[in-house]
2 protein chains.
Amino acid sequence: MPAYSPDPNDLALKPVGTVVSELTDLKDAPRQGDEGAPEAWLVFDETVRPALQGLTEGSDVLVLTWLDRSDRSVTAVHPRGDTSRPRAGVFSTRSPDRPNPIGLHQVTITSIEELRIRVRNLEALDGTPVLDLKPLLGPTDER
Amino acid sequence: MPAYSPDPNDLALKPVGTVVSELTDLKDAPRQGDEGAPEAWLVFDETVRPALQGLTEGSDVLVLTWLDRSDRSVTAVHPRGDTSRPRAGVFSTRSPDRPNPIGLHQVTITSIEELRIRVRNLEALDGTPVLDLKPLLGPTDER
């Protein structure tokens with residue numbers, strides 16, 4: 001049997017929603033969501049309405065986004081842009097500039113209005129495509 | 001100024017490496033890495049060698065993969081495949097079947113050999129494309 005080989009044409013992301021936020025400029029965005037990010041909306045497409053069932057206000061979830069204003073050619077950076085710190089490979093940092101700029105954000109859901117979910121602690125910019133939501137993993141016997 | 005609108009052609013993932021694991025069949029894979037996954041290798045492409053600088057043996061990191069054997073049309077599932085549990089939207093579950101099947105795995109690095117990184121607790125199948133590595137986020141004053 002030949003070795004398994006994925007089809008590169010299948011590696012296309014399909015955004016399921018969009019961030020609506022007062023953050024519109026990279027220079028105003030905090031480096032992480034718990035460093036002063038405002039509340040923001042996640043506005044989902046009608047096509048994923050069934051996927052939203054079961055989300056609850058007050059819960060903490062992971063949001064995956066596509067940091068579409070990133071430089072995908074970057075492989076090493078000064079952590080947090082601080083040139084006094086030695087350059088590190090991007091896989092050791094949370095730099096948005098990286099080969100696949102997937103943003104990973106832990107947020108708290110503050111309200112749910114049909115296809116619109118309001119969240120606390122999201123540092124992504126207005127217009128950022130939303131890829132996925134995932135629950136945090138609790139203890140193995142509560143999954 | 002017109003509203004910001006991302007270019008959908010930019011939403012193509014470029015794998016940076018591949019999982020090499022003894023897990024070759026979905027039916028043998030545990031549901032999460034801490035539920036009995038074997039050690040596995042992450043084999044990276046030469047092009048991202050600089051991005052690996054700074055990773056250390058013994059550290060815990062997040063691996064992002066593309067769960068390429070998933071069904072992207074699924075929006076609701078019985079959690080953990082247990083039909084006695086009510087169906088839930090996939091955004092409330094860690095189901096690999098979801099619109100953008102990005103796998104998120106917390107693993108421990110056990111050894112580093114140039115472009116090959118051995119990790120503990122990875123439930124992804126052999127041949128799964130690797131998208132990204134990210135550090136866990138510590139307290140704000142240690143980032």
# chains A, B, ... in the order shown; residues from 1 in each chain; ligands from 1
$ interface_residues --of "chain B" --to "chain A" --cutoff "7 Å" --atoms "only C-alpha atoms" --output "ChimeraX atom specification"
/B:4-6,11-14,48,50-55,68,75-76,88-94,100,127,131-135
$ write_last_selection --atoms "N, CA, C and O atoms" --output "CSV table (one decimal), in the first residue's frame"
chain,number,residue,atom,x,y,z
B,4,TYR,N,-12.4,46.8,5.4
B,4,TYR,CA,-11.4,45.8,5.1
B,4,TYR,C,-12.0,44.5,4.7
B,4,TYR,O,-12.9,44.0,5.3
B,5,SER,N,-11.4,43.9,3.6
B,5,SER,CA,-11.9,42.6,3.1
B,5,SER,C,-10.8,41.7,2.8
B,5,SER,O,-10.0,42.1,1.9
B,6,PRO,N,-10.6,40.6,3.5
B,6,PRO,CA,-9.4,39.7,3.2
B,6,PRO,C,-9.6,39.1,1.8
B,6,PRO,O,-10.7,38.9,1.3
B,11,LEU,N,-6.0,32.3,1.9
B,11,LEU,CA,-6.4,31.4,3.0
B,11,LEU,C,-6.0,29.9,2.7
B,11,LEU,O,-6.6,29.0,3.1
B,12,ALA,N,-4.8,29.8,2.1
B,12,ALA,CA,-4.3,28.5,1.8
B,12,ALA,C,-3.2,28.1,2.8
B,12,ALA,O,-2.2,28.9,3.0
B,13,LEU,N,-3.4,27.0,3.5
B,13,LEU,CA,-2.4,26.6,4.5
B,13,LEU,C,-1.2,25.9,3.7
B,13,LEU,O,-1.4,25.3,2.7
B,14,LYS,N,0.0,26.2,4.3
B,14,LYS,CA,1.2,25.5,3.8
B,14,LYS,C,1.8,24.7,4.9
B,14,LYS,O,2.3,25.2,5.9
B,48,VAL,N,11.7,25.7,7.3
B,48,VAL,CA,11.3,26.3,8.5
B,48,VAL,C,12.4,26.1,9.6
B,48,VAL,O,12.1,26.3,10.8
B,50,PRO,N,14.8,27.9,10.7
B,50,PRO,CA,15.0,29.0,11.6
B,50,PRO,C,13.9,29.1,12.6
B,50,PRO,O,14.1,29.6,13.8
B,51,ALA,N,12.7,28.7,12.3
B,51,ALA,CA,11.6,28.8,13.1
B,51,ALA,C,11.6,27.9,14.3
B,51,ALA,O,11.0,28.1,15.3
B,52,LEU,N,12.5,26.8,14.2
B,52,LEU,CA,12.6,25.8,15.3
B,52,LEU,C,13.6,26.3,16.4
B,52,LEU,O,13.6,25.7,17.5
B,53,GLN,N,14.4,27.3,16.1
B,53,GLN,CA,15.4,27.7,17.1
B,53,GLN,C,14.8,28.2,18.4
B,53,GLN,O,13.8,28.9,18.4
B,54,GLY,N,15.3,27.7,19.5
B,54,GLY,CA,14.8,28.1,20.8
B,54,GLY,C,13.8,27.1,21.4
B,54,GLY,O,13.5,27.2,22.6
B,55,LEU,N,13.4,26.0,20.7
B,55,LEU,CA,12.6,25.0,21.3
B,55,LEU,C,13.5,24.1,22.2
B,55,LEU,O,14.7,23.9,21.9
B,68,ASP,N,-6.6,15.9,8.2
B,68,ASP,CA,-7.0,15.8,6.8
B,68,ASP,C,-7.9,14.7,6.4
B,68,ASP,O,-8.4,14.6,5.3
B,75,THR,N,-21.6,19.6,11.1
B,75,THR,CA,-21.7,20.7,12.0
B,75,THR,C,-22.2,20.3,13.4
B,75,THR,O,-22.1,21.1,14.4
B,76,ALA,N,-22.7,19.1,13.6
B,76,ALA,CA,-23.1,18.6,14.9
B,76,ALA,C,-22.8,17.1,15.1
B,76,ALA,O,-22.9,16.4,14.1
B,88,ALA,N,-24.4,17.7,19.8
B,88,ALA,CA,-24.0,19.1,20.1
B,88,ALA,C,-23.3,19.7,18.9
B,88,ALA,O,-22.8,19.0,18.0
B,89,GLY,N,-23.4,21.0,18.8
B,89,GLY,CA,-22.7,21.7,17.7
B,89,GLY,C,-21.2,21.4,17.8
B,89,GLY,O,-20.7,21.3,18.9
B,90,VAL,N,-20.5,21.3,16.7
B,90,VAL,CA,-19.1,20.9,16.8
B,90,VAL,C,-18.2,21.9,17.5
B,90,VAL,O,-17.2,21.6,18.0
B,91,PHE,N,-18.7,23.2,17.5
B,91,PHE,CA,-17.9,24.2,18.2
B,91,PHE,C,-17.9,24.0,19.7
B,91,PHE,O,-17.1,24.6,20.4
B,92,SER,N,-18.8,23.1,20.2
B,92,SER,CA,-18.8,22.8,21.7
B,92,SER,C,-18.0,21.5,21.9
B,92,SER,O,-18.0,21.0,23.0
B,93,THR,N,-17.4,20.9,20.9
B,93,THR,CA,-16.7,19.6,21.0
B,93,THR,C,-15.3,19.7,20.4
B,93,THR,O,-15.0,20.7,19.7
B,94,ARG,N,-14.5,18.7,20.6
B,94,ARG,CA,-13.2,18.6,20.0
B,94,ARG,C,-13.3,17.6,18.8
B,94,ARG,O,-12.3,17.1,18.4
B,100,ASN,N,-13.3,23.6,9.6
B,100,ASN,CA,-11.9,23.8,9.5
B,100,ASN,C,-11.2,22.9,10.5
B,100,ASN,O,-11.0,23.2,11.6
B,127,GLY,N,1.3,10.8,8.9
B,127,GLY,CA,1.0,11.5,7.7
B,127,GLY,C,0.3,12.8,7.8
B,127,GLY,O,0.1,13.6,6.9
B,131,LEU,N,1.0,22.3,11.0
B,131,LEU,CA,0.8,23.7,10.5
B,131,LEU,C,1.7,24.6,11.3
B,131,LEU,O,2.1,25.7,10.8
B,132,ASP,N,1.8,24.4,12.6
B,132,ASP,CA,2.4,25.4,13.5
B,132,ASP,C,2.7,24.8,14.8
B,132,ASP,O,2.2,23.7,15.2
B,133,LEU,N,3.7,25.4,15.5
B,133,LEU,CA,4.0,25.1,16.9
B,133,LEU,C,3.8,26.5,17.7
B,133,LEU,O,4.3,27.5,17.1
B,134,LYS,N,3.3,26.4,18.9
B,134,LYS,CA,3.2,27.6,19.7
B,134,LYS,C,3.5,27.3,21.1
B,134,LYS,O,3.2,26.2,21.6
B,135,PRO,N,4.2,28.3,21.8
B,135,PRO,CA,4.4,28.1,23.2
B,135,PRO,C,3.1,28.2,24.0
B,135,PRO,O,2.2,28.9,23.6
$ select_by_dssp --residues "segment 19-108 of chain B" --states "strand (DSSP E)" --output "list in words"
Val19, Val20, Ala40, Trp41, Leu42, Val43, Phe44, Asp60, Val61, Leu62, Val63, Leu64, Thr65, Trp66, Ala76, Val77, Ala88, Gly89, Ile102, Gly103, Leu104, His105, Gln106, Val107 and Thr108 of chain B
$ residues_around --residues "Ile112 of chain B" --least-positions-apart "2" --cutoff "10 Å" --atoms "only C-alpha atoms" --output "PyMOL selection string"
chain B and resi 41-42+52+55-58+109-110+114-119
$ write_last_selection --atoms "N, CA and C atoms" --output "short mmCIF file (atom, residue, chain, number, x, y, z; two decimals), in the first residue's frame"
data_model
loop_
_atom_site.label_atom_id
_atom_site.label_comp_id
_atom_site.auth_asym_id
_atom_site.auth_seq_id
_atom_site.Cartn_x
_atom_site.Cartn_y
_atom_site.Cartn_z
N TRP B 41 6.99 11.45 16.02
CA TRP B 41 7.91 12.47 15.50
C TRP B 41 7.16 13.54 14.76
N LEU B 42 7.62 14.76 14.90
CA LEU B 42 7.25 15.84 13.99
C LEU B 42 8.46 16.05 13.10
N LEU B 52 12.49 26.83 14.25
CA LEU B 52 12.61 25.83 15.32
C LEU B 52 13.60 26.27 16.41
N LEU B 55 13.43 26.04 20.66
CA LEU B 55 12.63 24.97 21.27
C LEU B 55 13.54 24.13 22.16
N THR B 56 13.00 23.63 23.28
CA THR B 56 13.84 22.91 24.23
C THR B 56 13.20 21.59 24.64
N GLU B 57 14.07 20.60 24.83
CA GLU B 57 13.61 19.29 25.30
C GLU B 57 13.00 19.43 26.69
N GLY B 58 11.93 18.72 26.92
CA GLY B 58 11.26 18.76 28.22
C GLY B 58 10.15 19.78 28.31
N ILE B 109 7.90 17.89 24.47
CA ILE B 109 9.04 17.58 23.61
C ILE B 109 9.99 16.66 24.39
N THR B 110 10.27 15.47 23.84
CA THR B 110 11.18 14.56 24.53
C THR B 110 12.58 14.58 23.91
N GLU B 114 17.82 18.01 15.01
CA GLU B 114 17.76 18.85 13.82
C GLU B 114 16.31 19.16 13.45
N LEU B 115 15.85 18.62 12.31
CA LEU B 115 14.49 18.94 11.86
C LEU B 115 13.44 17.97 12.40
N ARG B 116 13.88 17.03 13.26
CA ARG B 116 12.94 16.03 13.80
C ARG B 116 12.76 16.28 15.30
N ILE B 117 11.51 16.41 15.69
CA ILE B 117 11.20 16.66 17.10
C ILE B 117 10.30 15.54 17.60
N ARG B 118 10.77 14.86 18.68
CA ARG B 118 9.97 13.76 19.21
C ARG B 118 9.08 14.30 20.33
N VAL B 119 7.81 13.90 20.32
CA VAL B 119 6.85 14.43 21.29
C VAL B 119 6.03 13.31 21.91
#
$ select_by_dssp --residues "segment 1-142 of chain B" --states "helix (DSSP H, G or I)" --output "list in words"
Pro8, Asn9, Asp10, Leu26, Lys27, Asp28, Glu46, Thr47, Val48, Arg49, Pro50, Ala51, Leu52, Pro79, Arg80, Gly81, Val90, Phe91, Ser92, Thr140, Asp141 and Glu142 of chain B
$ residues_around --residues "Pro38 of chain A" --least-positions-apart "4" --cutoff "7 Å" --atoms "only C-alpha atoms" --output "compact mmCIF listing (two decimals) with all heavy atoms, in the first residue's frame"
# COMPACT_ATOMS: atom_id res chain seq x y z
N ARG A 120 -15.10 38.49 25.52
CA ARG A 120 -14.16 39.33 26.27
C ARG A 120 -12.74 38.80 25.99
O ARG A 120 -12.55 37.59 25.84
CB ARG A 120 -14.48 39.19 27.76
CG ARG A 120 -13.75 40.12 28.68
CD ARG A 120 -14.14 39.82 30.14
NE ARG A 120 -15.56 40.05 30.36
CZ ARG A 120 -16.33 39.33 31.17
NH1 ARG A 120 -15.84 38.31 31.84
NH2 ARG A 120 -17.60 39.62 31.30
N ASN A 121 -11.77 39.70 25.92
CA ASN A 121 -10.35 39.31 25.80
C ASN A 121 -9.96 38.82 24.41
O ASN A 121 -9.21 37.85 24.28
CB ASN A 121 -9.96 38.24 26.83
CG ASN A 121 -9.86 38.78 28.23
OD1 ASN A 121 -9.80 39.99 28.44
ND2 ASN A 121 -9.85 37.89 29.20
N LEU A 122 -10.43 39.50 23.37
CA LEU A 122 -10.02 39.12 22.01
C LEU A 122 -9.22 40.27 21.41
O LEU A 122 -9.75 41.36 21.18
CB LEU A 122 -11.24 38.81 21.14
CG LEU A 122 -10.88 38.36 19.72
CD1 LEU A 122 -10.13 37.02 19.75
CD2 LEU A 122 -12.13 38.24 18.87
$ atom_distance --atom1 "atom CA of Val107 of chain B" --atom2 "atom CA of Asp82 of chain B"
25.8 Å
$ atom_distance --atom1 "atom CA of Pro86 of chain B" --atom2 "atom CA of Phe44 of chain A"
22.9 Å
$ atom_distance --atom1 "atom CA of Glu46 of chain B" --atom2 "atom CA of Gly17 of chain B"
9.1 Å
